[in-house]
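Following: one structure in structure tokens, then a few remarks.
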Amino acid sequence: MQGYSYTPKSEIEARIQGLQSALSTAAMAAAVVVHHTNLFYYTGTSQNGFLYVPASGMPRLMIRKSLERARRESPLEDIVALGSVREIPGLIREAGGEIQGPLGFELDVIPYNTVQFYKKIFDAAEVVDASGLMRRQRCIKSPFEIERLSHACAVLDGAFEAVPAMLREGMTEIELASLFEALLRRGGYGGNVKMRSFNQDFFLGTLVSGGSGAAVTYFDGPVGGQGLTPANNPHGAGWKPIARGEIVFIDYSCVVDGYTADESRMFSLGPLPDILVRAHRAALEIQADIVAMARPGVTAGAVYECALARAEQQGLADHFMGTGEGRVRFVGHGVGLELDELPVFAQGVETSLSPGMSFAIEPKFVFPEGAVGIENTFVMEAGGIRPLTRAPEEIIYVR
């Protein structure tokens, strides 16, 4: 899969049809897709533009920049130039579209002032939220998407397998992170982790050693890190030298052709404190329990409760998925074009697992001595979940 690749026409057509069906069910007249992630999903291009999708009929893609690239990258038939956002209603009418009835937008991510502007230019329509329709549709991956995701997982596996040859005593966290990230880039990592959640942007992943794994950050995850500076989303690898006898915790994403793998593995230069070894074993047991129980129809909330119960049985509940103010209340999340897709494996979530869902399961523990755990990317199939990440799961001791 090396080189520039495009989304097939059949894939885009199926996605458009799926959205149109959802719009009809929700009694929405049409949707205007603005957010870059959804725009790529429904068009195959990430150029600056707007996609009009009526509940029935042909979609129209309106491009501000670059029209030439959009026409080359997207298989849609109706792609036109857009000079100003104010021209959108006219271009829709030109294509035979009617701007009446509820008009769906991604109100979960579009800024308030921008929404007010859209209401002004679409004054004949009621602006409503269509973000849930799109997120639920994207939650179920096609075989084409699973193949893309599998490739991203293989690139990430390869980087983890190279860590023992790179890790040495005294190197800083950021030095090891830079070597790890270089392998991902050479494998096709696009260098942009997309997050749906507001103000949750971060850079590629987390690499921490020893006590820095207990540093709490803004990020909604169990493991933080000092980062390099208080500015620019402080998180992950910092200036700390890596010493012998401490855990090296590496949790990274890998985005190839838009699809996001997520994986965590543990390394050490020499023996570790017993509590970390025991907690890592518990994490593997929790993962095994989840793999055994997760079937179509099981709820995401039930998976979380299973994981929490096992942590309590091990006497490690106070350290499960973080500790103190750094603790989070989930054990997994959907992955795809974004890192935080549906479903979320958290208490009370009634979403039923379905074939085609792809997600990361990440039982982890945090102590003053450091963070340990496991994370793999899975796909749900008719008979259960199948791992897409396959690097060795035991702690790797490096001499």
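Just remember, in the structure tokens the first chain shown is A, the second B, etc., residues are 1-based per chain, and ligands are 1-based in the order shown.
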
*Write out as a VMD selection string each polymer residue whose atoms come within 12 Å of Ile247 in chain A, counting only C-alpha atoms; drop sequence neighbours fewer than 5 positions from it.*
chain A and resid 167 173 207 to 214 242 265 to 277 279 to 280 366 to 373 395 to 398

Just C-alpha atoms for this one: save the residues we selected as an mmCIF file, in the first residue's frame.
```
data_model
loop_
_atom_site.group_PDB
_atom_site.id
_atom_site.type_symbol
_atom_site.label_atom_id
_atom_site.label_comp_id
_atom_site.auth_asym_id
_atom_site.auth_seq_id
_atom_site.Cartn_x
_atom_site.Cartn_y
_atom_site.Cartn_z
ATOM 1 C CA LEU A 167 16.738 1.832 23.868
ATOM 2 C CA GLU A 173 12.553 10.205 26.631
ATOM 3 C CA LEU A 207 6.509 7.847 25.816
ATOM 4 C CA VAL A 208 7.376 8.074 29.509
ATOM 5 C CA SER A 209 9.768 6.328 31.882
ATOM 6 C CA GLY A 210 9.618 5.604 35.585
ATOM 7 C CA GLY A 211 7.919 8.238 37.709
ATOM 8 C CA SER A 212 7.156 10.529 34.775
ATOM 9 C CA GLY A 213 4.399 8.072 33.889
ATOM 10 C CA ALA A 214 2.526 9.276 36.972
ATOM 11 C CA ILE A 242 15.875 6.836 31.011
ATOM 12 C CA ARG A 265 3.846 -1.786 24.917
ATOM 13 C CA MET A 266 6.239 -1.889 27.889
ATOM 14 C CA PHE A 267 10.069 -2.059 28.005
ATOM 15 C CA SER A 268 12.753 -1.991 30.694
ATOM 16 C CA LEU A 269 16.508 -1.885 31.116
ATOM 17 C CA GLY A 270 16.779 -4.451 33.894
ATOM 18 C CA PRO A 271 14.441 -5.804 36.603
ATOM 19 C CA LEU A 272 11.351 -3.841 37.680
ATOM 20 C CA PRO A 273 9.551 -3.332 41.008
ATOM 21 C CA ASP A 274 7.256 -6.274 41.754
ATOM 22 C CA ILE A 275 4.120 -4.091 41.819
ATOM 23 C CA LEU A 276 4.636 -3.056 38.198
ATOM 24 C CA VAL A 277 5.168 -6.641 37.064
ATOM 25 C CA ALA A 279 -0.039 -4.902 37.530
ATOM 26 C CA HIS A 280 1.086 -5.631 33.992
ATOM 27 C CA VAL A 366 -0.504 4.001 37.333
ATOM 28 C CA PHE A 367 1.797 4.058 40.383
ATOM 29 C CA PRO A 368 4.417 6.496 41.688
ATOM 30 C CA GLU A 369 7.004 4.120 40.177
ATOM 31 C CA GLY A 370 5.463 4.450 36.724
ATOM 32 C CA ALA A 371 2.653 3.308 34.439
ATOM 33 C CA VAL A 372 2.090 -0.160 32.968
ATOM 34 C CA GLY A 373 -0.561 -1.846 30.880
ATOM 35 C CA ILE A 395 7.301 -6.592 29.141
ATOM 36 C CA ILE A 396 10.439 -6.574 26.972
ATOM 37 C CA TYR A 397 13.618 -6.530 29.066
ATOM 38 C CA VAL A 398 16.559 -4.989 27.229
#
```

*Looking only at strand (DSSP E or B) from DSSP on the backbone, list the matching residues of range 176-226 of chain A as a list in words.*
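For range 176-226 of chain A, the strand (DSSP E or B) set is Gly205, Thr206, Leu207, Val208 and Ser209 of chain A.
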
Could you write out that same residue set with C-alpha atoms as a PDB file, in the first residue's frame?
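What ended up in selection.pdb:
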```pdb
ATOM      1  CA  GLY A 205       1.539   9.539  21.423  1.00  0.00           C
ATOM      2  CA  THR A 206       3.042   9.068  24.873  1.00  0.00           C
ATOM      3  CA  LEU A 207       6.509   7.847  25.816  1.00  0.00           C
ATOM      4  CA  VAL A 208       7.376   8.074  29.509  1.00  0.00           C
ATOM      5  CA  SER A 209       9.768   6.328  31.882  1.00  0.00           C
TER       6      SER A 209
END
```

*Residues near Ala346 in chain A, cut-off 8 Å, only C-alpha atoms, skip fewer than 4 positions along chain, as an MDAnalysis selection string*: chainID A and resid 300:301 303:305 329:332

Generate the output file for the selected residues, N, CA and C atoms, as a tab-separated table (two decimals), in the first residue's frame.
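Listed below is the output, out-v6.tsv:
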```tsv
chain	number	residue	atom	x	y	z
A	300	ALA	N	-21.07	-1.72	25.53
A	300	ALA	CA	-19.77	-1.16	25.86
A	300	ALA	C	-19.63	-0.95	27.37
A	301	GLY	N	-20.75	-0.60	28.03
A	301	GLY	CA	-20.72	-0.43	29.48
A	301	GLY	C	-20.42	-1.73	30.21
A	303	VAL	N	-18.55	-4.14	29.14
A	303	VAL	CA	-17.12	-4.40	28.99
A	303	VAL	C	-16.34	-3.63	30.05
A	304	TYR	N	-16.70	-2.37	30.27
A	304	TYR	CA	-16.02	-1.58	31.29
A	304	TYR	C	-16.21	-2.19	32.68
A	305	GLU	N	-17.44	-2.60	32.99
A	305	GLU	CA	-17.71	-3.18	34.31
A	305	GLU	C	-16.91	-4.46	34.51
A	329	ARG	N	-12.48	7.25	33.43
A	329	ARG	CA	-13.55	6.29	33.68
A	329	ARG	C	-13.94	5.55	32.40
A	330	PHE	N	-12.96	5.05	31.70
A	330	PHE	CA	-13.22	4.22	30.54
A	330	PHE	C	-12.08	3.23	30.38
A	331	VAL	N	-12.28	2.22	29.55
A	331	VAL	CA	-11.22	1.23	29.31
A	331	VAL	C	-10.99	1.00	27.82
A	332	GLY	N	-11.66	1.80	27.00
A	332	GLY	CA	-11.48	1.65	25.56
A	332	GLY	C	-12.27	2.70	24.80
```

Rows by chain and residue number, range 141-175 of chain A within 12 Å of range 13-28 of chain A, shortest pair, only C-alpha atoms, as a tab-separated table:
```
residue	atom	partner	partner_atom	distance
A:Lys141	CA	A:Arg15	CA	10.4
A:Ser142	CA	A:Ala14	CA	9.6
A:Phe144	CA	A:Ala14	CA	11.6
A:Glu145	CA	A:Arg15	CA	11.7
```

Those selected residues, please, written with C-alpha atoms and delivered as a PDB file, in the first residue's frame.
```pdb
ATOM      1  CA  LYS A 141     -16.201   0.069   9.164  1.00  0.00           C
ATOM      2  CA  SER A 142     -16.327  -1.469   5.706  1.00  0.00           C
ATOM      3  CA  PHE A 144     -11.969  -1.450   2.772  1.00  0.00           C
ATOM      4  CA  GLU A 145     -11.598   0.551   5.988  1.00  0.00           C
TER       5      GLU A 145
END
```

*asked:* Taking only range 124-353 of chain A into account, list the residues labelled helix (DSSP H, G or I) by DSSP (computed from the backbone), as an MDAnalysis selection string.
replied: chainID A and resid 131:139 143:161 163:166 173:186 210:214 274:293 300:313 317:319 324:326

Grab the residues selected above and save them as a PDB file, in the first residue's frame with C-alpha atoms.
```
ATOM      1  CA  SER A 131     -23.236  15.022  13.872  1.00  0.00           C
ATOM      2  CA  GLY A 132     -24.661  11.991  15.653  1.00  0.00           C
ATOM      3  CA  LEU A 133     -25.870  10.491  12.373  1.00  0.00           C
ATOM      4  CA  MET A 134     -22.416  10.776  10.862  1.00  0.00           C
ATOM      5  CA  ARG A 135     -20.540   9.479  13.909  1.00  0.00           C
ATOM      6  CA  ARG A 136     -22.794   6.440  14.203  1.00  0.00           C
ATOM      7  CA  GLN A 137     -22.374   5.670  10.504  1.00  0.00           C
ATOM      8  CA  ARG A 138     -18.578   5.966  10.698  1.00  0.00           C
ATOM      9  CA  CYS A 139     -18.585   3.648  13.729  1.00  0.00           C
ATOM     10  CA  PRO A 143     -13.865  -4.182   4.634  1.00  0.00           C
ATOM     11  CA  PHE A 144     -11.969  -1.450   2.772  1.00  0.00           C
ATOM     12  CA  GLU A 145     -11.598   0.551   5.988  1.00  0.00           C
ATOM     13  CA  ILE A 146     -10.553  -2.496   8.020  1.00  0.00           C
ATOM     14  CA  GLU A 147      -7.843  -3.182   5.459  1.00  0.00           C
ATOM     15  CA  ARG A 148      -6.591   0.411   5.793  1.00  0.00           C
ATOM     16  CA  LEU A 149      -6.680   0.165   9.588  1.00  0.00           C
ATOM     17  CA  SER A 150      -4.831  -3.160   9.515  1.00  0.00           C
ATOM     18  CA  HIS A 151      -2.024  -1.582   7.530  1.00  0.00           C
ATOM     19  CA  ALA A 152      -1.662   1.244  10.073  1.00  0.00           C
ATOM     20  CA  CYS A 153      -1.509  -1.384  12.836  1.00  0.00           C
ATOM     21  CA  ALA A 154       1.264  -3.260  11.006  1.00  0.00           C
ATOM     22  CA  VAL A 155       3.346  -0.067  10.734  1.00  0.00           C
ATOM     23  CA  LEU A 156       2.914   0.541  14.472  1.00  0.00           C
ATOM     24  CA  ASP A 157       3.810  -3.084  15.290  1.00  0.00           C
ATOM     25  CA  GLY A 158       7.030  -2.701  13.309  1.00  0.00           C
ATOM     26  CA  ALA A 159       8.075   0.356  15.291  1.00  0.00           C
ATOM     27  CA  PHE A 160       7.491  -1.427  18.613  1.00  0.00           C
ATOM     28  CA  GLU A 161       9.556  -4.395  17.503  1.00  0.00           C
ATOM     29  CA  VAL A 163      12.521  -0.473  20.311  1.00  0.00           C
ATOM     30  CA  PRO A 164      15.006  -2.911  21.943  1.00  0.00           C
ATOM     31  CA  ALA A 165      17.651  -1.964  19.367  1.00  0.00           C
ATOM     32  CA  MET A 166      17.130   1.764  20.076  1.00  0.00           C
ATOM     33  CA  GLU A 173      12.553  10.205  26.631  1.00  0.00           C
ATOM     34  CA  ILE A 174      12.332  12.637  23.744  1.00  0.00           C
ATOM     35  CA  GLU A 175      15.354  11.090  22.056  1.00  0.00           C
ATOM     36  CA  LEU A 176      13.776   7.635  22.104  1.00  0.00           C
ATOM     37  CA  ALA A 177      10.447   9.131  21.027  1.00  0.00           C
ATOM     38  CA  SER A 178      12.067  10.813  18.031  1.00  0.00           C
ATOM     39  CA  LEU A 179      13.610   7.522  16.872  1.00  0.00           C
ATOM     40  CA  PHE A 180      10.284   5.730  17.332  1.00  0.00           C
ATOM     41  CA  GLU A 181       8.385   8.436  15.467  1.00  0.00           C
ATOM     42  CA  ALA A 182      10.859   8.382  12.578  1.00  0.00           C
ATOM     43  CA  LEU A 183       9.997   4.722  11.982  1.00  0.00           C
ATOM     44  CA  LEU A 184       6.303   5.576  11.893  1.00  0.00           C
ATOM     45  CA  ARG A 185       6.879   8.403   9.421  1.00  0.00           C
ATOM     46  CA  ARG A 186       8.880   6.145   7.128  1.00  0.00           C
ATOM     47  CA  GLY A 210       9.618   5.604  35.585  1.00  0.00           C
ATOM     48  CA  GLY A 211       7.919   8.238  37.709  1.00  0.00           C
ATOM     49  CA  SER A 212       7.156  10.529  34.775  1.00  0.00           C
ATOM     50  CA  GLY A 213       4.399   8.072  33.889  1.00  0.00           C
ATOM     51  CA  ALA A 214       2.526   9.276  36.972  1.00  0.00           C
ATOM     52  CA  ASP A 274       7.256  -6.274  41.754  1.00  0.00           C
ATOM     53  CA  ILE A 275       4.120  -4.091  41.819  1.00  0.00           C
ATOM     54  CA  LEU A 276       4.636  -3.056  38.198  1.00  0.00           C
ATOM     55  CA  VAL A 277       5.168  -6.641  37.064  1.00  0.00           C
ATOM     56  CA  ARG A 278       2.048  -7.755  38.923  1.00  0.00           C
ATOM     57  CA  ALA A 279      -0.039  -4.902  37.530  1.00  0.00           C
ATOM     58  CA  HIS A 280       1.086  -5.631  33.992  1.00  0.00           C
ATOM     59  CA  ARG A 281       0.040  -9.258  34.417  1.00  0.00           C
ATOM     60  CA  ALA A 282      -3.339  -8.024  35.683  1.00  0.00           C
ATOM     61  CA  ALA A 283      -3.723  -5.825  32.602  1.00  0.00           C
ATOM     62  CA  LEU A 284      -3.156  -8.835  30.344  1.00  0.00           C
ATOM     63  CA  GLU A 285      -5.744 -10.810  32.313  1.00  0.00           C
ATOM     64  CA  ILE A 286      -8.274  -7.981  31.985  1.00  0.00           C
ATOM     65  CA  GLN A 287      -7.669  -7.870  28.254  1.00  0.00           C
ATOM     66  CA  ALA A 288      -8.184 -11.644  28.048  1.00  0.00           C
ATOM     67  CA  ASP A 289     -11.481 -11.336  29.940  1.00  0.00           C
ATOM     68  CA  ILE A 290     -12.678  -8.644  27.542  1.00  0.00           C
ATOM     69  CA  VAL A 291     -11.706 -10.669  24.482  1.00  0.00           C
ATOM     70  CA  ALA A 292     -13.617 -13.643  25.888  1.00  0.00           C
ATOM     71  CA  MET A 293     -16.827 -11.708  26.640  1.00  0.00           C
ATOM     72  CA  ALA A 300     -19.765  -1.157  25.862  1.00  0.00           C
ATOM     73  CA  GLY A 301     -20.721  -0.432  29.476  1.00  0.00           C
ATOM     74  CA  ALA A 302     -20.674  -4.141  30.333  1.00  0.00           C
ATOM     75  CA  VAL A 303     -17.122  -4.399  28.993  1.00  0.00           C
ATOM     76  CA  TYR A 304     -16.017  -1.580  31.293  1.00  0.00           C
ATOM     77  CA  GLU A 305     -17.714  -3.180  34.308  1.00  0.00           C
ATOM     78  CA  CYS A 306     -15.932  -6.470  33.544  1.00  0.00           C
ATOM     79  CA  ALA A 307     -12.554  -4.706  33.473  1.00  0.00           C
ATOM     80  CA  LEU A 308     -13.219  -2.791  36.688  1.00  0.00           C
ATOM     81  CA  ALA A 309     -14.364  -5.935  38.510  1.00  0.00           C
ATOM     82  CA  ARG A 310     -11.157  -7.772  37.589  1.00  0.00           C
ATOM     83  CA  ALA A 311      -9.033  -4.805  38.783  1.00  0.00           C
ATOM     84  CA  GLU A 312     -10.915  -4.875  42.083  1.00  0.00           C
ATOM     85  CA  GLN A 313     -10.356  -8.626  42.433  1.00  0.00           C
ATOM     86  CA  ALA A 317      -8.749  -0.722  41.606  1.00  0.00           C
ATOM     87  CA  ASP A 318      -7.254   2.488  43.083  1.00  0.00           C
ATOM     88  CA  HIS A 319      -4.611   2.464  40.353  1.00  0.00           C
ATOM     89  CA  GLY A 324      -6.285  10.430  41.960  1.00  0.00           C
ATOM     90  CA  GLU A 325      -7.219  13.364  39.735  1.00  0.00           C
ATOM     91  CA  GLY A 326      -5.582  11.627  36.787  1.00  0.00           C
TER      92      GLY A 326
END
```

*Would you work out the distance separating CA of Glu126 in chain A from CA of Gly101 in chain A, expressed in Å to one decimal?*
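Taking CA of Glu126 in chain A and CA of Gly101 in chain A, their separation equals 6.0 Å.
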
_Best match for closeness to Lys9 in chain A among A:Asn38, A:Thr299, A:Thr377, A:Thr43, counting only C-alpha atoms_ = A:Thr43

_Shell of 6 Å around Met62 in chain A, only C-alpha atoms, local chain residues under 4 positions omitted, as a VMD selection string_ = chain A and resid 49 to 50 79 to 82

Please produce a file of those selected residues containing N, CA and C atoms, as a PDB file, in the first residue's frame.
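Once written, again29.pdb looks like this:
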```pdb
ATOM      1  N   GLY A  49     -13.562  22.739   1.590  1.00  0.00           N
ATOM      2  CA  GLY A  49     -14.828  22.815   0.884  1.00  0.00           C
ATOM      3  C   GLY A  49     -16.016  22.433   1.739  1.00  0.00           C
ATOM      4  N   PHE A  50     -17.166  22.302   1.074  1.00  0.00           N
ATOM      5  CA  PHE A  50     -18.437  21.978   1.712  1.00  0.00           C
ATOM      6  C   PHE A  50     -19.147  20.944   0.838  1.00  0.00           C
ATOM      7  N   ILE A  79     -18.459  18.386  -8.715  1.00  0.00           N
ATOM      8  CA  ILE A  79     -17.504  19.151  -7.907  1.00  0.00           C
ATOM      9  C   ILE A  79     -17.312  20.507  -8.563  1.00  0.00           C
ATOM     10  N   VAL A  80     -17.631  21.589  -7.833  1.00  0.00           N
ATOM     11  CA  VAL A  80     -17.590  22.930  -8.415  1.00  0.00           C
ATOM     12  C   VAL A  80     -16.768  23.867  -7.546  1.00  0.00           C
ATOM     13  N   ALA A  81     -16.342  24.979  -8.135  1.00  0.00           N
ATOM     14  CA  ALA A  81     -15.569  25.993  -7.422  1.00  0.00           C
ATOM     15  C   ALA A  81     -16.481  26.817  -6.526  1.00  0.00           C
ATOM     16  N   LEU A  82     -15.941  27.231  -5.382  1.00  0.00           N
ATOM     17  CA  LEU A  82     -16.659  28.076  -4.427  1.00  0.00           C
ATOM     18  C   LEU A  82     -15.806  29.288  -4.120  1.00  0.00           C
TER      19      LEU A  82
END
```

*Tell me which protein, DNA and RNA residues are within 7 Å of range 118-125 of chain A, counting only C-alpha atoms, leaving out same-chain ones fewer than 3 positions away, and put them as a list in words.*
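Skipping anything fewer than 3 positions along the chain leaves Arg86, Pro89, Ile99, Gln100, Gly101, Pro102, Leu103, Thr114 and Val115 of chain A.
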
Write the residues you've just listed into a file as a compact mmCIF listing (two decimals), in the first residue's frame, and include C-alpha atoms for each of them.
```
# COMPACT_ATOMS: atom_id res chain seq x y z
CA ARG A 86 -22.17 33.08 0.93
CA PRO A 89 -27.16 28.46 -1.10
CA ILE A 99 -33.09 24.71 1.05
CA GLN A 100 -36.19 24.01 3.06
CA GLY A 101 -36.91 21.95 6.12
CA PRO A 102 -34.30 20.83 8.67
CA LEU A 103 -30.74 21.20 7.36
CA THR A 114 -19.87 30.02 12.49
CA VAL A 115 -23.19 28.34 13.21
```

*Do you have the CA of Cys254 in chain A-CA of Pro296 in chain A distance handy?*
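Computing it gives 26.6 Å between the two atoms.
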
*Distance query range 221-229 of chain A at most 6 Å, only C-alpha atoms, self and fewer than 5 positions along chain excluded, as a list in words*: Val208, Ser212, Gly213, Ala215, Val216, Pro234, His235, Gly236, Ala237, Gly238, Met321, Gly322, Arg327 and Val328 of chain A

Quick one: write out the picked residues with C-alpha atoms as a CSV table (one decimal), in the first residue's frame?
```csv
chain,number,residue,atom,x,y,z
A,208,VAL,CA,7.4,8.1,29.5
A,212,SER,CA,7.2,10.5,34.8
A,213,GLY,CA,4.4,8.1,33.9
A,215,ALA,CA,2.6,12.9,35.9
A,216,VAL,CA,-1.0,14.1,35.3
A,234,PRO,CA,2.3,19.5,27.4
A,235,HIS,CA,2.1,15.7,27.3
A,236,GLY,CA,4.2,12.6,26.8
A,237,ALA,CA,8.0,12.5,26.3
A,238,GLY,CA,10.1,15.0,28.2
A,321,MET,CA,-6.9,3.8,34.5
A,322,GLY,CA,-4.9,6.3,36.5
A,327,ARG,CA,-8.0,8.7,36.8
A,328,VAL,CA,-10.3,8.2,33.8
```

*Record the distance separating CA of Gly383 in chain A and CA of Pro355 in chain A, expressed in Å with one decimal.*
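If I compute the distance from CA of Gly383 in chain A to CA of Pro355 in chain A, I get 8.8 Å.
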
*asked:* Which residue is closest to Val128 in chain A? Choose from A:Arg196, A:Glu77, A:Ala29, A:Phe202 and count only C-alpha atoms.
replied: A:Ala29
